[in-house]
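Q: Dropping a structure here in structure tokens format, bear with me for questions.
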Amino acid sequence: MKRALLSVYDKSGLDEFAQGLVDLDFEIVSSGGTSAYLEEMNVPVTRIEDITQVPEMLGGRVKTLHPRIHAAILARRDEPGDLSSLEEQELQPFDLVCVNLYPFRETVAKRGVTEADAVEVIDIGGPAMIRAAAKNFAHVAPVSRSTQYERVLDELGRTGELSLDTRRELAAEAFSVTAAYEASIAGWFMDRDTLPDRLIPAFEKVLDLTYGENPHQRAAYYAEIGARRHLLSQVEQLQGRELSYNNLNDLNAARLCLREFELPCVCIVKHANPCGVAVAGSIEHAYERALEADPVSAYGGIVVLNRPISEELAELLVDQFVEVLLAPEYEEGALETLQQKPATRILVDRERRRDAPGERDYKRVLGGLLVQDRDWDVEDRVGMEIVCGSASEALWGDLLFAWRVCKHVSSNAIVLARDLQTRGIGAGQMSRVDSVRLAVEKAREHGHALEGAVLASDAFFPFADGPELALGAGVAAVIQPGGSKRDDEVIAAVEAAGATMVFTHRRHFRH
């Protein structure tokens with residue numbers, strides 16, 4: 001008779017799996033709550049203490065940490081010495097070990113969890129058993145996820161054993177499970193240190209993607225294990241083709257920009273840059289103005305909104321080519337209208353929690369990782385300084401709107417705005433004055449008047465030429481970090497034009 005050791009916290013599907021093993025002539029050995037559960041399900045089970053001859057100790061902290069258990073897992077069937085040792089101790093080896101771990105990540109994610117509560121759900125025996133089984137995969141099948149149960153039973157039923165390739169795959173997944181588990185614990189302990197000496201992020205696959213940025217690149221989407229939320233955590237796709245790598249990259253840019261605003265807002269993104277952003281009294285008006293900002297670039301873009309989509313707005317959206325549409329809700333009749341474009345990926349976002357500062361940004365570089373805090377702004381106007389001119393509340397509104405959008409534009413970033421609507425955006429230019437020129441040309445291309453508009457720059461102007469170009473086009477106010485050696489020249493140019501300038505003393509590079 002073959003032997004299986006089962007010790008799991010999550011009992012989902014366990015009774016069917018255990019009974020399936022029994023039907024395949026396995027003896028089931030189990031511990032603590034697992035054995036009690038199986039007995040309730042009328043599954044025949046041998047208790048761990050019957051093998052170790054030692055009862056559970058320390059309130060259940062010690063039950064499987066015993067040589068008679070680990071020797072039965074680690075024994076090599078092709079090593080006479082190992083088999084002799086088992087025979088001397090009258091031990092039968094395990095052929096399968098099924099373990100899942102205490103819910104550490106789920107516990108520490110709850111509000112009000114104490115350190116004592118967290119420490120109590122750090123699993124010791126579970127990782128030890130699953131690692132031992134994975135190390136000895138040549139002879140033992142390590143099962144670490146309930147999603148593996150059906151596959152394991154199916155192969156055992158068809159062939160009477162699990163192939164070496166299957167056991168090797170199970171071992172790889174087992175080590176990935178324990179590695180992610182340890183990483184989440186290490187991350188929790190090191191949370192007080194913003195940039196620890198050793199960073200151990202862990203990610204879990206959410207989606208396989210058809211390809212990456214280009215068809216010859218393989219791709220998948222992974223979520224960080226332990227994160228309170230991720231890009232698709234509360235998102236449901238209602239229709240449309242599969243999401244692509246580029247879709248998700250653009251969706252991320254759009255969502256990060258949209259979260260800057262509480263009032264009805266629409267953000268349209270193309271190639272990870274906003275091309276049209278607007279705030280208005282209604283979401284319908286906000287969409288019309290966001291599209292109007294740059295209708296050419298908006299073609300085939302990502303459209304995200306922070307209000308439900310009405311049937312009226314759906315009629316406007318269906319006239320455009322939209323790759324991805326994301327909204328918190330779709331009112332009655334709106335979805336039916338939008339489904340006239342079956343290729344559009346329609347997403348509903350049911351996330352209602354506000355983001356919190358503290359998340360890290362990762363950027364992969366050759367053989368390493370650049371890590372930084374997410375770029376979060378302090379409260380509006382805090383630390384900002386009017387260095388020339390004056391600003392009414394309405395002008396302040398436009399300046400802060402442009403400044404928030406500018407944070408999400410690739411450097412060198414220039415945003416022209418008026419009446420809470422982007423009018424022209426210059427992104428990713430090697431020269432800041434070229435970004436200004438591009439933003440002005442964009443505004444003129446779409447017939448946007450720049451008289452009384454504002455300009456936001458993600459970093460300081462090294463020369464007065466950039467502001468002078470915008471001022472000549474009608475811009476009335478500039479918001480920028482300041483800090484250039486030629487700040488005096490820039491201030492003088494803005495002042496000579498009778499315009500206003502605000503120094504934020506804070507920059508927003510985004511490369």
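Letters for chains follow the order of the structure tokens (A, B, ...), residue numbers begin at 1 for each chain, and ligand numbers begin at 1 in the order shown.
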From a DSSP pass on the backbone, collect the residues of region 67-255 of chain A flagged as alpha helix (DSSP H) and hand them back as a ChimeraX atom specification.
A: /A:67-74,80-88,104-108,115-120,125-135,149-159,164-189,245-255
Q: Do you know which residues are at most 9 Å from Ser146 (chain A) counting only C-alpha atoms, after dropping those on the same chain fewer than 5 positions away, and could you put them as a list in words?
A: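 Those residues are Asp10, Lys11, Ser12, Gly13, Leu14, Phe17, Cys98 and Asn100 of chain A.
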Q: What lies within 9 Å of Leu251 (chain A) using only C-alpha atoms, ignoring chain neighbours under 2 positions off, as a list in words?
A: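 In the requested form, the answer reads Leu231, Asn246, Asn247, Leu248, Asn249, Ala253, Ala254, Arg255, Leu256, Val269, Ala272, Ile302, Val303, Val304, Val324 and Leu326 of chain A.
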Q: Can I get the selection written as a tab-separated table (two decimals), in the first residue's frame, with N, CA and C atoms?
A:
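This went into result_2.tsv:
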chain	number	residue	atom	x	y	z
A	231	LEU	N	-3.60	45.86	-10.26
A	231	LEU	CA	-4.24	46.48	-11.42
A	231	LEU	C	-5.59	45.87	-11.76
A	246	ASN	N	0.20	45.57	-23.88
A	246	ASN	CA	0.11	47.01	-24.08
A	246	ASN	C	-1.17	47.59	-23.49
A	247	ASN	N	-2.27	46.84	-23.57
A	247	ASN	CA	-3.51	47.28	-22.92
A	247	ASN	C	-3.29	47.51	-21.44
A	248	LEU	N	-2.65	46.53	-20.78
A	248	LEU	CA	-2.46	46.63	-19.34
A	248	LEU	C	-1.49	47.75	-18.96
A	249	ASN	N	-0.47	47.93	-19.77
A	249	ASN	CA	0.47	49.02	-19.51
A	249	ASN	C	-0.23	50.37	-19.61
A	253	ALA	N	-1.33	53.28	-16.60
A	253	ALA	CA	-1.07	54.72	-16.69
A	253	ALA	C	-2.35	55.52	-16.51
A	254	ALA	N	-3.43	55.06	-17.12
A	254	ALA	CA	-4.70	55.78	-17.03
A	254	ALA	C	-5.26	55.76	-15.62
A	255	ARG	N	-5.18	54.62	-14.96
A	255	ARG	CA	-5.72	54.54	-13.60
A	255	ARG	C	-4.92	55.38	-12.62
A	256	LEU	N	-3.60	55.42	-12.78
A	256	LEU	CA	-2.78	56.24	-11.90
A	256	LEU	C	-3.09	57.71	-12.08
A	269	VAL	N	-5.73	57.54	-22.57
A	269	VAL	CA	-4.29	57.26	-22.62
A	269	VAL	C	-3.94	56.55	-23.92
A	272	ALA	N	0.89	54.76	-22.99
A	272	ALA	CA	1.24	55.02	-21.59
A	272	ALA	C	1.32	56.51	-21.24
A	302	ILE	N	-7.12	54.06	-24.52
A	302	ILE	CA	-7.68	53.50	-23.30
A	302	ILE	C	-8.48	54.61	-22.63
A	303	VAL	N	-9.75	54.37	-22.33
A	303	VAL	CA	-10.60	55.39	-21.72
A	303	VAL	C	-11.02	54.91	-20.34
A	304	VAL	N	-10.67	55.69	-19.32
A	304	VAL	CA	-11.09	55.36	-17.95
A	304	VAL	C	-11.88	56.52	-17.38
A	324	VAL	N	-9.88	49.86	-24.79
A	324	VAL	CA	-10.27	49.41	-23.45
A	324	VAL	C	-11.07	50.51	-22.79
A	326	LEU	N	-12.90	51.43	-19.05
A	326	LEU	CA	-13.00	51.06	-17.64
A	326	LEU	C	-13.83	52.09	-16.91
Q: Nearest to Ile309 (chain A): which of A:His285, A:His511, A:His505, A:Arg145 is it, counting only C-alpha atoms?
A: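 With only C-alpha atoms as the atom set, the closest residue is A:His285.
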Q: If you run DSSP on the backbone, which residues of region 221-391 of chain A are strand (DSSP E or B), as a PyMOL selection string?
A: chain A and resi 221-224+235-239+265-270+273-279+301-305+309+322-327+330+345-349+360-365+368-373+385-388
Q: Give me the residues within 8 Å of region 439-442 of chain A as an MDAnalysis selection string, counting only C-alpha atoms and dropping any in the same chain fewer than 4 places off.
A: chainID A and resid 294 414:416 423:426 435 446 470 473
Q: As a list in words, please: the residues near Leu86 (chain A) (cut-off 8 Å, only C-alpha atoms, same-chain neighbours under 5 positions excluded).
A: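 Near Leu86 (chain A), the qualifying residues are Ala71, Ala72, Ala75, Leu91, Gln92 and Pro93 of chain A.
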Q: Restrict the selected residues to N, CA and C atoms and save them as a PDB file, in the first residue's frame.
A:
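This is the output file result-v2.pdb:
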ATOM      1  N   ALA A  71      12.191  11.429   8.061  1.00  0.00           N
ATOM      2  CA  ALA A  71      12.935  10.304   7.473  1.00  0.00           C
ATOM      3  C   ALA A  71      12.067   9.592   6.443  1.00  0.00           C
ATOM      4  N   ALA A  72      10.769   9.476   6.736  1.00  0.00           N
ATOM      5  CA  ALA A  72       9.865   8.805   5.806  1.00  0.00           C
ATOM      6  C   ALA A  72       9.647   9.624   4.538  1.00  0.00           C
ATOM      7  N   ALA A  75      13.646   9.711   2.595  1.00  0.00           N
ATOM      8  CA  ALA A  75      14.352   8.466   2.258  1.00  0.00           C
ATOM      9  C   ALA A  75      14.402   8.242   0.745  1.00  0.00           C
ATOM     10  N   LEU A  91       9.864   1.959   9.723  1.00  0.00           N
ATOM     11  CA  LEU A  91       9.171   3.081   9.082  1.00  0.00           C
ATOM     12  C   LEU A  91       8.831   2.735   7.644  1.00  0.00           C
ATOM     13  N   GLN A  92       7.644   3.189   7.236  1.00  0.00           N
ATOM     14  CA  GLN A  92       7.252   3.061   5.832  1.00  0.00           C
ATOM     15  C   GLN A  92       7.352   4.436   5.189  1.00  0.00           C
ATOM     16  N   PRO A  93       7.976   4.539   4.013  1.00  0.00           N
ATOM     17  CA  PRO A  93       8.162   5.869   3.398  1.00  0.00           C
ATOM     18  C   PRO A  93       6.839   6.437   2.886  1.00  0.00           C
TER      19      PRO A  93
END
Q: Give me, as a PyMOL selection string, all polymer residues having an atom no more than 7 Å from Arg507 (chain A), counting only C-alpha atoms and skipping those fewer than 2 positions away in the same chain.
A: chain A and resi 458-459+481+505+509
Q: Deliver the residues from the most recent selection as a file, using C-alpha atoms, as a PDB file, in the first residue's frame.
A:
ATOM      1  CA  ASP A 458       7.586  68.263 -14.569  1.00  0.00           C
ATOM      2  CA  ALA A 459      11.045  69.764 -13.935  1.00  0.00           C
ATOM      3  CA  PRO A 481       9.538  73.046  -9.678  1.00  0.00           C
ATOM      4  CA  HIS A 505       9.840  73.047  -5.169  1.00  0.00           C
ATOM      5  CA  PHE A 509      10.145  63.045 -13.510  1.00  0.00           C
TER       6      PHE A 509
END
Q: Please, what distance in Å, to one decimal, runs between CA of Glu87 (chain A) and CA of Leu164 (chain A)?
A: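 Interatomic distance here is 25.1 Å.
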